[in-house]
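What follows is a single structure, written as C-alpha cells, with notes after it.
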Amino acid sequence: MTETVRPGLKARAARGTRTFLISGFGTALEFYDFIIYGLAAAIVFPTVFFPEFDRTVGTLVAFAAFGSGFVARPLGGIVIGHFGDRIARKSMLVLTLLIMGGSTFLIGCLPSYGTLGIAAPVMLVALRLVQGFAAGGEWGGASLFGIENAPEGRRGLWGSFTSAGIGIGSLFGTGVFTLITLLPEERLEAWAWRVPFWLGGLLVLVGVVARSRMPQEERRTDSAPRVPVLDSIRRHPRQMLLAIGVAFGYNTLAYIGTIFTVTYAEERGYSHTESLLLQVAGSVAFTIAVPVMALLSDRKGRKPVVILGTLAYAAFFFLYFPLVDGHVLVLATLAYVLVNVLMAAPQGCIPAFLGEQFPAATRYSSISATYQTGAALGGGTAATAATALFLAYDGDPIGVGLYSGAAALVLVLCAWGLRETFRVPTARLGERAAEPAAERVGI
C-alpha cells in the first residue's frame, strides 16, 4: 500500500510545484516590477521626475502617475482575457510577462526631468500605462491556471499561488530597494534607482521560460462565446457588479497598506531603509499567511475568511498608526506584520472566490474585467487619496483610517452578496443549477 500512495503523493507534489512556478512565480516577477514602481514613486520619483514641487506634493503627483497605470488595467483584462477565453491561456500568460518586462526595463532607462524636461514624466506615465495593460491580463490568467488545475477541495489553496506570488514579488522588490537605499542619496537619485528596473526586466525572462513549457490547451474558439465579457455581463450581471466591488474594496486596502505606509513611516521620521525594512517584514508575513488563509477557506468557506479578515483589518488599522508613531521598532514591525497578515485573509481567497462565480467559457474575461475594474477604481486612487487625506488633516491619519474603513465596508457587503462556492465541484462552477446548494453554505 505504501508503494501506491507514495507515487500519488509525489505526482501531486510535482503537479503543485509546476503550477506554482507557472502561476505564482510568474506573477511574483510581474509584481516585483509593479512594487518597485510604487516604492520608487514614494522615495525617488518626486525628486527625479517631479522636482518642481515640494517633497510631499511631489509624492502626491508621483502617486498620481503610479495610479495612471490602473487606467489601462481594465482594458488589458478585457483584451487579454478575451483571447485567453477564445484561443488559449498559455499564449496570453507569456505575452503579459514580455510586455511587463520590456516596459519595466525601459523605465530604468528614462532620463530625468533635469535632462529631458517635461518629456521625462510624460514618458514615465506612458510606460506606466503599458505596465498596467500587461498587469490587467496577468492576474486573471495566472489565478485561473491554479484554480483550474487544482484537486477538488483545494481550489482556494492552489488559486492562492498567485497571491503568494504577489507577496514574493513585493518581498523581492522591497528587498532590492532596501539595499540600494544604503547608498548615499545623491547616488540613489542619480543612477541606483534604475538598477531594480533593469533587474526586473531581465528576471521576467525566467517566468517566460517557465510559462513557455506549460502544456498547450486546445483552442477555445468553438466553446467560448464570440465576445465572452459581453456574454458574462448579460448572463451574470449581479456577480459581475459584486466582484467589482470586492476588487475595489480589497485593492483600496492593499495599496494603502503597502504603498501609503512607506510614505507614512518616512513622514514620521523613519529613514528610507527603516521604512523599507518594515515593508520587508510585512511582505514575509503576507506571503506566509496567504496560503494559510486560502486553505482555511477550502475548509470553512470563502465568505467567512474574507469577511471576518476584512473587518479585523479595518479595526486594527486604527491601532497601526499609534504603534508606528511610537518609534519603537519592535512595535512598528508588529504593526506592519499584523496589517499584512489581516490583508492576506481576503487576498488569499479572492482568486478562487471570484473565479468560482463564472463558467469556464467566459471565466478569464469575467475575472479579469471585474477584478481589474475594481483595481482601477480602488487601487489606482488609494495611495493618492490617502496622501491627500493625510495632507488635508494636517498630518493626522484619522482620515486615512476612515477611508480604509469605508473600503472595508464595500468589500464586506459585496462579498456577502456573492455565492459561496467552495463545495461546488469544479466542473459545475457557474451553473445555475449549482446555485441553490451553494447558497446554503454561507457565513
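Just so we're on the same page: first chain in the C-alpha cells is A, next is B, and so on; residues restart at 1 for each chain, and ligands are numbered from 1 in the order they show up.
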>> I want to know what sits within 8 Å of region 192-198 of chain A, based on only C-alpha atoms, with residues of the same chain fewer than 6 positions away left out; could you give that as a ChimeraX atom specification?
In response: /A:33,36,40,44,104-109,173,176-177,180
Could the residues in this selection be written to a file with N, CA and C atoms, as a compact mmCIF listing (two decimals), in the first residue's frame?
# COMPACT_ATOMS: atom_id res chain seq x y z
N ASP A 33 8.04 43.92 -10.55
CA ASP A 33 8.09 45.12 -11.39
C ASP A 33 7.10 46.18 -10.89
N ILE A 36 8.24 47.80 -7.35
CA ILE A 36 9.38 48.72 -7.37
C ILE A 36 8.96 50.08 -7.93
N ALA A 40 9.48 53.38 -5.79
CA ALA A 40 10.21 54.50 -6.40
C ALA A 40 9.35 55.77 -6.39
N VAL A 44 11.87 58.08 -4.64
CA VAL A 44 12.81 58.70 -5.58
C VAL A 44 12.15 59.61 -6.60
N THR A 104 9.19 47.67 -18.00
CA THR A 104 9.94 47.89 -16.76
C THR A 104 11.39 48.24 -17.06
N PHE A 105 11.99 47.50 -17.97
CA PHE A 105 13.39 47.77 -18.34
C PHE A 105 13.54 49.18 -18.91
N LEU A 106 12.58 49.60 -19.72
CA LEU A 106 12.65 50.92 -20.34
C LEU A 106 12.47 52.04 -19.32
N ILE A 107 11.67 51.81 -18.27
CA ILE A 107 11.56 52.82 -17.21
C ILE A 107 12.92 53.08 -16.59
N GLY A 108 13.70 52.02 -16.41
CA GLY A 108 15.04 52.17 -15.86
C GLY A 108 15.98 52.94 -16.76
N CYS A 109 15.63 53.08 -18.02
CA CYS A 109 16.48 53.80 -18.98
C CYS A 109 16.06 55.26 -19.17
N GLY A 173 11.09 42.87 -4.42
CA GLY A 173 11.21 44.26 -4.83
C GLY A 173 11.57 45.19 -3.68
N VAL A 176 15.28 44.58 -2.70
CA VAL A 176 16.23 45.22 -3.61
C VAL A 176 16.28 46.71 -3.36
N PHE A 177 15.11 47.34 -3.17
CA PHE A 177 15.10 48.78 -2.91
C PHE A 177 15.74 49.12 -1.57
N ILE A 180 19.51 49.31 -2.14
CA ILE A 180 20.03 50.49 -2.83
C ILE A 180 19.88 51.76 -2.00
Residues of region 350-379 of chain A that have any atom at most 7 Å from an atom of region 66-90 of chain A: could you tabulate them with the shortest-distance atom pair and the distance in Å to one decimal, using only C-alpha atoms, ordered by chain and increasing number, as a Markdown table?
| residue | atom | partner | partner_atom | distance |
| --- | --- | --- | --- | --- |
| A:Ala361 | CA | A:Asp85 | CA | 6.2 |
| A:Thr362 | CA | A:Asp85 | CA | 6.1 |
| A:Tyr364 | CA | A:Gly81 | CA | 4.9 |
| A:Ser365 | CA | A:Gly81 | CA | 4.1 |
| A:Ser368 | CA | A:Gly77 | CA | 4.6 |
| A:Ala369 | CA | A:Gly77 | CA | 5.2 |
| A:Gln372 | CA | A:Pro74 | CA | 4.8 |
| A:Thr373 | CA | A:Pro74 | CA | 5.0 |
| A:Ala375 | CA | A:Phe70 | CA | 6.9 |
| A:Ala376 | CA | A:Phe70 | CA | 4.5 |
>> Among region 26-69 of chain A, which ones does DSSP assign to alpha helix (DSSP H) (computed from the backbone)? Answer as a ChimeraX atom specification.
In response: /A:26-43,45-48,55-69
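The gap separating CA of Ala408 (chain A) from CA of Thr263 (chain A) is 21.4 Å, in Å to one decimal.
For the choices A:Gln279, A:Ser112, A:Gln239, A:Thr421, the atom-to-atom distance to Ala190 (chain A) is smallest for A:Ser112 when using only C-alpha atoms.
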Near Ser404 (chain A), within 9 Å and counting only C-alpha atoms, which residues show up once chain neighbours fewer than 2 positions away are dropped, as a PDB file with all heavy atoms, in the first residue's frame?
ATOM      1  N   GLY A 249     -12.806  47.196  -3.003  1.00  0.00           N
ATOM      2  CA  GLY A 249     -12.517  47.275  -1.572  1.00  0.00           C
ATOM      3  C   GLY A 249     -11.156  46.720  -1.234  1.00  0.00           C
ATOM      4  O   GLY A 249     -10.375  47.341  -0.501  1.00  0.00           O
ATOM      5  N   THR A 252      -8.161  48.896  -2.610  1.00  0.00           N
ATOM      6  CA  THR A 252      -8.007  50.119  -1.824  1.00  0.00           C
ATOM      7  C   THR A 252      -7.239  49.827  -0.545  1.00  0.00           C
ATOM      8  O   THR A 252      -6.264  50.519  -0.200  1.00  0.00           O
ATOM      9  CB  THR A 252      -9.378  50.719  -1.488  1.00  0.00           C
ATOM     10  OG1 THR A 252     -10.087  51.011  -2.701  1.00  0.00           O
ATOM     11  CG2 THR A 252      -9.228  52.003  -0.690  1.00  0.00           C
ATOM     12  N   LEU A 253      -7.645  48.793   0.174  1.00  0.00           N
ATOM     13  CA  LEU A 253      -6.957  48.423   1.412  1.00  0.00           C
ATOM     14  C   LEU A 253      -5.514  48.016   1.144  1.00  0.00           C
ATOM     15  O   LEU A 253      -4.598  48.401   1.881  1.00  0.00           O
ATOM     16  CB  LEU A 253      -7.699  47.277   2.098  1.00  0.00           C
ATOM     17  CG  LEU A 253      -9.128  47.546   2.569  1.00  0.00           C
ATOM     18  CD1 LEU A 253      -9.724  46.282   3.163  1.00  0.00           C
ATOM     19  CD2 LEU A 253      -9.159  48.673   3.588  1.00  0.00           C
ATOM     20  N   ILE A 256      -3.176  51.032   0.194  1.00  0.00           N
ATOM     21  CA  ILE A 256      -2.921  51.860   1.377  1.00  0.00           C
ATOM     22  C   ILE A 256      -1.930  51.128   2.286  1.00  0.00           C
ATOM     23  O   ILE A 256      -0.974  51.709   2.801  1.00  0.00           O
ATOM     24  CB  ILE A 256      -4.216  52.161   2.142  1.00  0.00           C
ATOM     25  CG1 ILE A 256      -5.113  53.097   1.324  1.00  0.00           C
ATOM     26  CG2 ILE A 256      -3.909  52.804   3.503  1.00  0.00           C
ATOM     27  CD1 ILE A 256      -6.477  53.329   1.941  1.00  0.00           C
ATOM     28  N   ALA A 314      -9.808  46.332   9.162  1.00  0.00           N
ATOM     29  CA  ALA A 314     -10.325  47.694   9.316  1.00  0.00           C
ATOM     30  C   ALA A 314     -10.220  48.165  10.759  1.00  0.00           C
ATOM     31  O   ALA A 314      -9.877  49.327  11.030  1.00  0.00           O
ATOM     32  CB  ALA A 314     -11.774  47.761   8.838  1.00  0.00           C
ATOM     33  N   PHE A 317      -6.430  48.778  11.751  1.00  0.00           N
ATOM     34  CA  PHE A 317      -5.725  49.871  11.080  1.00  0.00           C
ATOM     35  C   PHE A 317      -5.696  51.130  11.949  1.00  0.00           C
ATOM     36  O   PHE A 317      -4.770  51.932  11.854  1.00  0.00           O
ATOM     37  CB  PHE A 317      -6.363  50.163   9.724  1.00  0.00           C
ATOM     38  CG  PHE A 317      -5.390  50.717   8.719  1.00  0.00           C
ATOM     39  CD1 PHE A 317      -4.294  49.975   8.319  1.00  0.00           C
ATOM     40  CD2 PHE A 317      -5.575  51.979   8.181  1.00  0.00           C
ATOM     41  CE1 PHE A 317      -3.391  50.486   7.396  1.00  0.00           C
ATOM     42  CE2 PHE A 317      -4.680  52.497   7.259  1.00  0.00           C
ATOM     43  CZ  PHE A 317      -3.577  51.746   6.865  1.00  0.00           C
ATOM     44  N   ALA A 386      -5.162  58.628  -0.091  1.00  0.00           N
ATOM     45  CA  ALA A 386      -4.676  58.553   1.287  1.00  0.00           C
ATOM     46  C   ALA A 386      -3.700  59.689   1.582  1.00  0.00           C
ATOM     47  O   ALA A 386      -3.751  60.313   2.653  1.00  0.00           O
ATOM     48  CB  ALA A 386      -4.015  57.203   1.529  1.00  0.00           C
ATOM     49  N   GLY A 399      -8.151  60.501   8.851  1.00  0.00           N
ATOM     50  CA  GLY A 399      -8.840  60.476   7.562  1.00  0.00           C
ATOM     51  C   GLY A 399      -8.518  59.230   6.767  1.00  0.00           C
ATOM     52  O   GLY A 399      -9.398  58.634   6.124  1.00  0.00           O
ATOM     53  N   VAL A 400      -7.257  58.798   6.832  1.00  0.00           N
ATOM     54  CA  VAL A 400      -6.850  57.574   6.129  1.00  0.00           C
ATOM     55  C   VAL A 400      -7.515  56.361   6.765  1.00  0.00           C
ATOM     56  O   VAL A 400      -7.960  55.435   6.077  1.00  0.00           O
ATOM     57  CB  VAL A 400      -5.315  57.421   6.143  1.00  0.00           C
ATOM     58  CG1 VAL A 400      -4.894  56.152   5.420  1.00  0.00           C
ATOM     59  CG2 VAL A 400      -4.648  58.639   5.511  1.00  0.00           C
ATOM     60  N   GLY A 401      -7.620  56.359   8.096  1.00  0.00           N
ATOM     61  CA  GLY A 401      -8.283  55.255   8.781  1.00  0.00           C
ATOM     62  C   GLY A 401      -9.752  55.140   8.406  1.00  0.00           C
ATOM     63  O   GLY A 401     -10.268  54.043   8.172  1.00  0.00           O
ATOM     64  N   LEU A 402     -10.444  56.280   8.320  1.00  0.00           N
ATOM     65  CA  LEU A 402     -11.860  56.269   7.930  1.00  0.00           C
ATOM     66  C   LEU A 402     -12.030  55.824   6.484  1.00  0.00           C
ATOM     67  O   LEU A 402     -12.975  55.098   6.142  1.00  0.00           O
ATOM     68  CB  LEU A 402     -12.456  57.662   8.134  1.00  0.00           C
ATOM     69  CG  LEU A 402     -12.560  58.126   9.592  1.00  0.00           C
ATOM     70  CD1 LEU A 402     -12.986  59.585   9.654  1.00  0.00           C
ATOM     71  CD2 LEU A 402     -13.521  57.244  10.384  1.00  0.00           C
ATOM     72  N   ALA A 406     -14.200  52.623   5.135  1.00  0.00           N
ATOM     73  CA  ALA A 406     -15.237  52.669   4.103  1.00  0.00           C
ATOM     74  C   ALA A 406     -14.973  51.622   3.019  1.00  0.00           C
ATOM     75  O   ALA A 406     -15.898  50.942   2.554  1.00  0.00           O
ATOM     76  CB  ALA A 406     -15.297  54.064   3.489  1.00  0.00           C
ATOM     77  N   ALA A 407     -13.703  51.485   2.621  1.00  0.00           N
ATOM     78  CA  ALA A 407     -13.352  50.474   1.615  1.00  0.00           C
ATOM     79  C   ALA A 407     -13.630  49.067   2.138  1.00  0.00           C
ATOM     80  O   ALA A 407     -14.115  48.189   1.405  1.00  0.00           O
ATOM     81  CB  ALA A 407     -11.879  50.615   1.218  1.00  0.00           C
ATOM     82  N   ALA A 408     -13.323  48.838   3.406  1.00  0.00           N
ATOM     83  CA  ALA A 408     -13.580  47.534   4.012  1.00  0.00           C
ATOM     84  C   ALA A 408     -15.078  47.223   4.022  1.00  0.00           C
ATOM     85  O   ALA A 408     -15.493  46.081   3.780  1.00  0.00           O
ATOM     86  CB  ALA A 408     -13.026  47.499   5.436  1.00  0.00           C
ATOM     87  N   LEU A 409     -15.911  48.238   4.277  1.00  0.00           N
ATOM     88  CA  LEU A 409     -17.360  48.033   4.282  1.00  0.00           C
ATOM     89  C   LEU A 409     -17.859  47.622   2.903  1.00  0.00           C
ATOM     90  O   LEU A 409     -18.697  46.714   2.778  1.00  0.00           O
ATOM     91  CB  LEU A 409     -18.053  49.314   4.744  1.00  0.00           C
ATOM     92  CG  LEU A 409     -19.584  49.266   4.823  1.00  0.00           C
ATOM     93  CD1 LEU A 409     -20.040  48.211   5.831  1.00  0.00           C
ATOM     94  CD2 LEU A 409     -20.146  50.634   5.197  1.00  0.00           C
TER      95      LEU A 409
END
>> Which residues are near Tyr32 (chain A)? Cut-off 8 Å, only C-alpha atoms, ignore same chain within fewer than 2 positions. Put them as an NGL selection string.
In response: :A and (28-30 or 34-36 or 166 or 168-173 or 200)
> What's the 12 Å shell around Thr387 (chain A), counting only C-alpha atoms, without same-chain residues fewer than 2 positions away, as a PyMOL selection string?
Replying inline: chain A and resi 42+56-64+255-256+259-264+267+381-385+389-401+403
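Reported to one decimal place, the separation of CA of Cys414 (chain A) from CA of Ile244 (chain A) is 8.5 Å.
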> Contacts of Tyr313 (chain A) at 7 Å or less, counting only C-alpha atoms, minus same-chain residues fewer than 5 places along, as a PyMOL selection string?
Replying inline: chain A and resi 339+342-343
> Given the choices A:Val412, A:Ile43, A:Ala352, A:Leu98, which gets closest to Ile147 (chain A) if the distance is worked out from only C-alpha atoms?
Replying inline: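 Closest candidate: A:Ala352.
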